[in-house]
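> First, the structure itself, so that you have it in front of you.
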2 protein chains.
Amino acid sequence: MPRSQGSTERAQLSRERVLRAAVAVADGGGLGGLTIRSLATQLDVKPMSVYYYVANKNEILDGIVDLVFGEIELPVPGGDWRAEIGKRAHSAREVLRRHPWAIALMESRTSPGPATLRHHDANVGTFRAAGFSVAQTAHAYALLDAFVYGFAVQEASLPFEGSEDAAEVAGGMMEQFSSGQYPHLTELAVDHVLQPGYDFGDEFDFGLSLILDGLARLL
Amino acid sequence: MPRSQGSTERAQLSRERVLRAAVAVADGGGLGGLTIRSLATQLDVKPMSVYYYVANKNEILDGIVDLVFGEIELPVPGGDWRAEIGKRAHSAREVLRRHPWAIALMESRTSPGPATLRHHDANVGTFRAAGFSVAQTAHAYALLDAFVYGFAVQEASLPFEGSEDAAEVAGGMMEQFSSGQYPHLTELAVDHVLQPGYDFGDEFDFGLSLILDGLARLL
DNA sequence: GGAGAGTATCGTACTTAGTACGAAACTGCT
DNA sequence: AGCAGTTTCGTACTAAGTACGATACTCTCC
């Protein structure tokens with residue numbers, strides 16, 4: 001019974017709408033909160049209706065990973081490679097921050113969608129245009145992406161957001177720290193991480209610069 | 001009814017045995033294959049028996065993450081920092097290769113166990129002993145771990161193991177490649193990744209060296 | 001050596017989630 | 001109107017986490 005009463009006109013479903021709604025649900029409640037039923041609720045339909053547009057939940061997961069890849073700004077081959085690669089690294093980090101659940105997914109999905117392939121192609125192309133050999137490009141891209149993904153993993157696992165609430169969260173761990181068993185961790189926490197103004201996110205630029213410097217030396 | 005017939009003496013359960021069995025199940029069938037029922041089968045008991053040793057499945061997940069951290073070789077503060085840090089990076093990579101499911105877990109768990117804390121403490125201590133300032137240690141460790149985790153994520157998402165079967169797996173993707181839409185990816189695949197002898201794992205040493213070189217320059 | 005008390009294991013059953021199967025409601029054509 | 005194609009939904013089965021309480025075994029302490 002589509003578009004039932006004619007008055008409360010409900011937009012048509014579509015694969016696109018299903019996947020976008022899935023992203024919204026995951027953003028709100030994590031991957032665990034994404035169930036066919038929660039997705040159906042979000043779309044204001046009954047669970048089985050979404051199965052007209054996707055074969056199964058796996059297809060939804062593949063689909064939203066590709067949507068996320070599509071949100072990352074593409075580097076432009078032929079431009080200033082440091083700027084282009086840096087730009088897309090920052091963009092990727094932002095996107096993964098917006099959709100932390102995507103990191104876990106990218107690991108388990110094995111069938112890349114078109115946005116994913118386009119994304120990788122643009123990156124590889126940027127390195128090649130900058131003068132990196134094919135082998136060097138493989139090295140560089142593997143390293144850079146390992147850093148971006150890994151940083152996102154770390155950032156996602158932080159139990160706090162920003163620097164303000166770091167202190168209180170750390171309070172709980174401090175009980176274990178105060179046993180004196182972890183002196184170096186304690187020092188790092190007390191003298192650095194818990195200081196006002198500390199933002200783990202700043203570590204991203206340090207790492208990115210170090211890596212880009214190292215890569216530049218290859219040329 | 002413990003140790004029932006006296007003859008088929010079944011070893012006592014324990015939290016330790018439960019967690020080790022959980023690791024074994026996850027190693028065999030991935031995180032998805034780890035259910036209370038599959039775990040119980042592995043232990044040769046009935047599902048509810050494991051709940052005597054753990055409060056819920058979450059506790060199992062926290063527990064096995066800590067077990068995995070415990071498998072990683074610790075660096076020794078005060079030794080040759082490059083060697084020590086490099087050793088633990090390789091060890092971490094090996095361990096994460098043995099237990100690929102652990103990567104996804106580390107992201108979502110927020111209550112570190114003792115092995116986890118000990119691990120981080122040893123790393124931080126090694127940097128400090130090498131002469132890195134507290135702030136530099138934070139930079140260095142964040143960068144290094146981002147790389148190690150990120151590399152593990154990438155390695156886990158490879159649909160093949162070793163270089164032999166790369167070719168056939170790539171065959172499927174090639175259909176999309178051959179459309180000519182992804183020229184740089186195609187070049188990378190054909191001229192490099194699919195060449196005999198290519199092993200993605202080798203990229204690890206390149207990245208690790210580049211990072212350690214960059215860090216050494218800080219001192 | 002029997003009576004609790006404590007320890008370890010299990011049976012039953014409820015809940016949530018994915019989804020197969022087919023019915024039903026609506027659309028546009030003829 | 002009648003029919004075919006499209007879209008949505010109702011019912012129901014299965015798998016998995018786990019609450020609750022029963023059951024069986026072990027270890028004191030008299």
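Each chain in the structure tokens gets a letter, A, B, ..., in the order shown, and its residues are numbered from 1; ligands are numbered from 1 in order too.
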Could you give me, as JSON, numbers by chain, the residues within 12 Å of range 8-24 of chain C, counting only C-alpha atoms (C1' of nucleotides) and dropping anything in the same chain fewer than 6 positions from it?
{"A": [1, 2, 32, 33, 34, 35, 36, 37, 38, 47, 48, 49, 50, 51, 52, 54, 55, 56, 57, 58], "B": [1, 2, 3, 4, 12, 13, 14, 40, 44, 45, 46, 47, 48, 49, 50, 51, 52, 53], "D": [7, 8, 9, 10, 11, 12, 13, 14, 15, 16, 17, 18, 19, 20, 21, 22, 23, 24, 25, 26]}
> Would you kindly report the residues of chain B within 8 Å of chain A, using only C-alpha atoms, as an NGL selection string?
:B and (104 or 106-110 or 117-118 or 120-122 or 124-125 or 134-135 or 138-140 or 142-143 or 145-154 or 156-159 or 182-185 or 187-188 or 191-192 or 203-204 or 206-207 or 210-211 or 214)
> One decimal, in Å: what's the spacing between CA of His90 in chain B and CA of Leu31 in chain B?
23.4 Å
> Apply DSSP to the structure's backbone, then extract all residues of chain A labelled alpha helix (DSSP H) and return them as a PyMOL selection string.
chain A and resi 15-29+36-43+57-71+81-98+101-108+114-129+134-157+166-177+183-188+203-216
> Fewer than 5 positions away in the same chain doesn't count, so skip those; otherwise give me all residues within 12 Å of DT30 in chain C, counting only C-alpha atoms (C1' of nucleotides), as a ChimeraX atom specification.
/D:1-4
> Could you write out the selected residues, including all heavy atoms, as a PDB file, in the first residue's frame?

ATOM      1  P    DA D   1     -14.906   1.009 -13.377  1.00  0.00           P
ATOM      2  OP1  DA D   1     -16.269   1.285 -12.840  1.00  0.00           O
ATOM      3  OP2  DA D   1     -13.743   1.664 -12.776  1.00  0.00           O
ATOM      4  O5'  DA D   1     -14.676  -0.576 -13.381  1.00  0.00           O
ATOM      5  C5'  DA D   1     -15.696  -1.383 -13.895  1.00  0.00           C
ATOM      6  C4'  DA D   1     -15.137  -2.311 -14.933  1.00  0.00           C
ATOM      7  O4'  DA D   1     -14.308  -1.592 -15.882  1.00  0.00           O
ATOM      8  C3'  DA D   1     -14.246  -3.404 -14.355  1.00  0.00           C
ATOM      9  O3'  DA D   1     -14.455  -4.586 -15.110  1.00  0.00           O
ATOM     10  C2'  DA D   1     -12.836  -2.836 -14.552  1.00  0.00           C
ATOM     11  C1'  DA D   1     -12.984  -2.110 -15.866  1.00  0.00           C
ATOM     12  N9   DA D   1     -12.077  -0.957 -16.010  1.00  0.00           N
ATOM     13  C8   DA D   1     -12.096   0.205 -15.290  1.00  0.00           C
ATOM     14  N7   DA D   1     -11.187   1.068 -15.663  1.00  0.00           N
ATOM     15  C5   DA D   1     -10.517   0.431 -16.690  1.00  0.00           C
ATOM     16  C6   DA D   1      -9.444   0.819 -17.507  1.00  0.00           C
ATOM     17  N6   DA D   1      -8.834   1.999 -17.405  1.00  0.00           N
ATOM     18  N1   DA D   1      -9.020  -0.067 -18.430  1.00  0.00           N
ATOM     19  C2   DA D   1      -9.644  -1.240 -18.533  1.00  0.00           C
ATOM     20  N3   DA D   1     -10.673  -1.714 -17.830  1.00  0.00           N
ATOM     21  C4   DA D   1     -11.060  -0.825 -16.918  1.00  0.00           C
ATOM     22  P    DG D   2     -13.957  -5.937 -14.489  1.00  0.00           P
ATOM     23  OP1  DG D   2     -14.854  -6.994 -15.015  1.00  0.00           O
ATOM     24  OP2  DG D   2     -13.755  -5.758 -13.043  1.00  0.00           O
ATOM     25  O5'  DG D   2     -12.539  -6.091 -15.182  1.00  0.00           O
ATOM     26  C5'  DG D   2     -12.469  -6.246 -16.594  1.00  0.00           C
ATOM     27  C4'  DG D   2     -11.037  -6.516 -16.992  1.00  0.00           C
ATOM     28  O4'  DG D   2     -10.304  -5.270 -16.973  1.00  0.00           O
ATOM     29  C3'  DG D   2     -10.305  -7.466 -16.039  1.00  0.00           C
ATOM     30  O3'  DG D   2      -9.484  -8.307 -16.839  1.00  0.00           O
ATOM     31  C2'  DG D   2      -9.479  -6.528 -15.159  1.00  0.00           C
ATOM     32  C1'  DG D   2      -9.156  -5.414 -16.138  1.00  0.00           C
ATOM     33  N9   DG D   2      -8.918  -4.092 -15.548  1.00  0.00           N
ATOM     34  C8   DG D   2      -9.585  -3.510 -14.484  1.00  0.00           C
ATOM     35  N7   DG D   2      -9.153  -2.301 -14.214  1.00  0.00           N
ATOM     36  C5   DG D   2      -8.139  -2.082 -15.142  1.00  0.00           C
ATOM     37  C6   DG D   2      -7.308  -0.954 -15.316  1.00  0.00           C
ATOM     38  O6   DG D   2      -7.295   0.109 -14.694  1.00  0.00           O
ATOM     39  N1   DG D   2      -6.415  -1.144 -16.359  1.00  0.00           N
ATOM     40  C2   DG D   2      -6.336  -2.272 -17.132  1.00  0.00           C
ATOM     41  N2   DG D   2      -5.429  -2.282 -18.091  1.00  0.00           N
ATOM     42  N3   DG D   2      -7.110  -3.342 -16.978  1.00  0.00           N
ATOM     43  C4   DG D   2      -7.981  -3.172 -15.960  1.00  0.00           C
ATOM     44  P    DC D   3      -8.864  -9.629 -16.205  1.00  0.00           P
ATOM     45  OP1  DC D   3      -9.299 -10.755 -17.043  1.00  0.00           O
ATOM     46  OP2  DC D   3      -9.103  -9.634 -14.745  1.00  0.00           O
ATOM     47  O5'  DC D   3      -7.311  -9.407 -16.444  1.00  0.00           O
ATOM     48  C5'  DC D   3      -6.874  -8.759 -17.643  1.00  0.00           C
ATOM     49  C4'  DC D   3      -5.483  -8.179 -17.427  1.00  0.00           C
ATOM     50  O4'  DC D   3      -5.569  -6.854 -16.862  1.00  0.00           O
ATOM     51  C3'  DC D   3      -4.611  -9.002 -16.473  1.00  0.00           C
ATOM     52  O3'  DC D   3      -3.386  -9.270 -17.125  1.00  0.00           O
ATOM     53  C2'  DC D   3      -4.463  -8.099 -15.250  1.00  0.00           C
ATOM     54  C1'  DC D   3      -4.550  -6.714 -15.889  1.00  0.00           C
ATOM     55  N1   DC D   3      -4.968  -5.622 -14.959  1.00  0.00           N
ATOM     56  C2   DC D   3      -4.338  -4.373 -15.055  1.00  0.00           C
ATOM     57  O2   DC D   3      -3.452  -4.194 -15.909  1.00  0.00           O
ATOM     58  N3   DC D   3      -4.717  -3.371 -14.216  1.00  0.00           N
ATOM     59  C4   DC D   3      -5.678  -3.597 -13.307  1.00  0.00           C
ATOM     60  N4   DC D   3      -6.019  -2.583 -12.498  1.00  0.00           N
ATOM     61  C5   DC D   3      -6.321  -4.859 -13.194  1.00  0.00           C
ATOM     62  C6   DC D   3      -5.943  -5.838 -14.029  1.00  0.00           C
ATOM     63  P    DA D   4      -2.351 -10.334 -16.577  1.00  0.00           P
ATOM     64  OP1  DA D   4      -2.195 -11.436 -17.537  1.00  0.00           O
ATOM     65  OP2  DA D   4      -2.722 -10.601 -15.184  1.00  0.00           O
ATOM     66  O5'  DA D   4      -1.026  -9.465 -16.596  1.00  0.00           O
ATOM     67  C5'  DA D   4      -0.824  -8.518 -17.651  1.00  0.00           C
ATOM     68  C4'  DA D   4       0.301  -7.574 -17.244  1.00  0.00           C
ATOM     69  O4'  DA D   4      -0.232  -6.520 -16.400  1.00  0.00           O
ATOM     70  C3'  DA D   4       1.400  -8.257 -16.432  1.00  0.00           C
ATOM     71  O3'  DA D   4       2.657  -7.715 -16.826  1.00  0.00           O
ATOM     72  C2'  DA D   4       1.063  -7.899 -14.991  1.00  0.00           C
ATOM     73  C1'  DA D   4       0.440  -6.518 -15.156  1.00  0.00           C
ATOM     74  N9   DA D   4      -0.548  -6.196 -14.141  1.00  0.00           N
ATOM     75  C8   DA D   4      -1.483  -7.032 -13.580  1.00  0.00           C
ATOM     76  N7   DA D   4      -2.262  -6.457 -12.693  1.00  0.00           N
ATOM     77  C5   DA D   4      -1.809  -5.151 -12.657  1.00  0.00           C
ATOM     78  C6   DA D   4      -2.215  -4.037 -11.914  1.00  0.00           C
ATOM     79  N6   DA D   4      -3.221  -4.057 -11.039  1.00  0.00           N
ATOM     80  N1   DA D   4      -1.558  -2.874 -12.113  1.00  0.00           N
ATOM     81  C2   DA D   4      -0.553  -2.853 -13.012  1.00  0.00           C
ATOM     82  N3   DA D   4      -0.084  -3.837 -13.771  1.00  0.00           N
ATOM     83  C4   DA D   4      -0.760  -4.966 -13.546  1.00  0.00           C
TER      84       DA D   4
END
> Extract, using only C-alpha atoms (C1' of nucleotides), all DNA, RNA and protein residues at most 12 Å from range 28-30 of chain D, discarding same-chain residues fewer than 5 positions from it, and format them as a ChimeraX atom specification.
/C:1-6
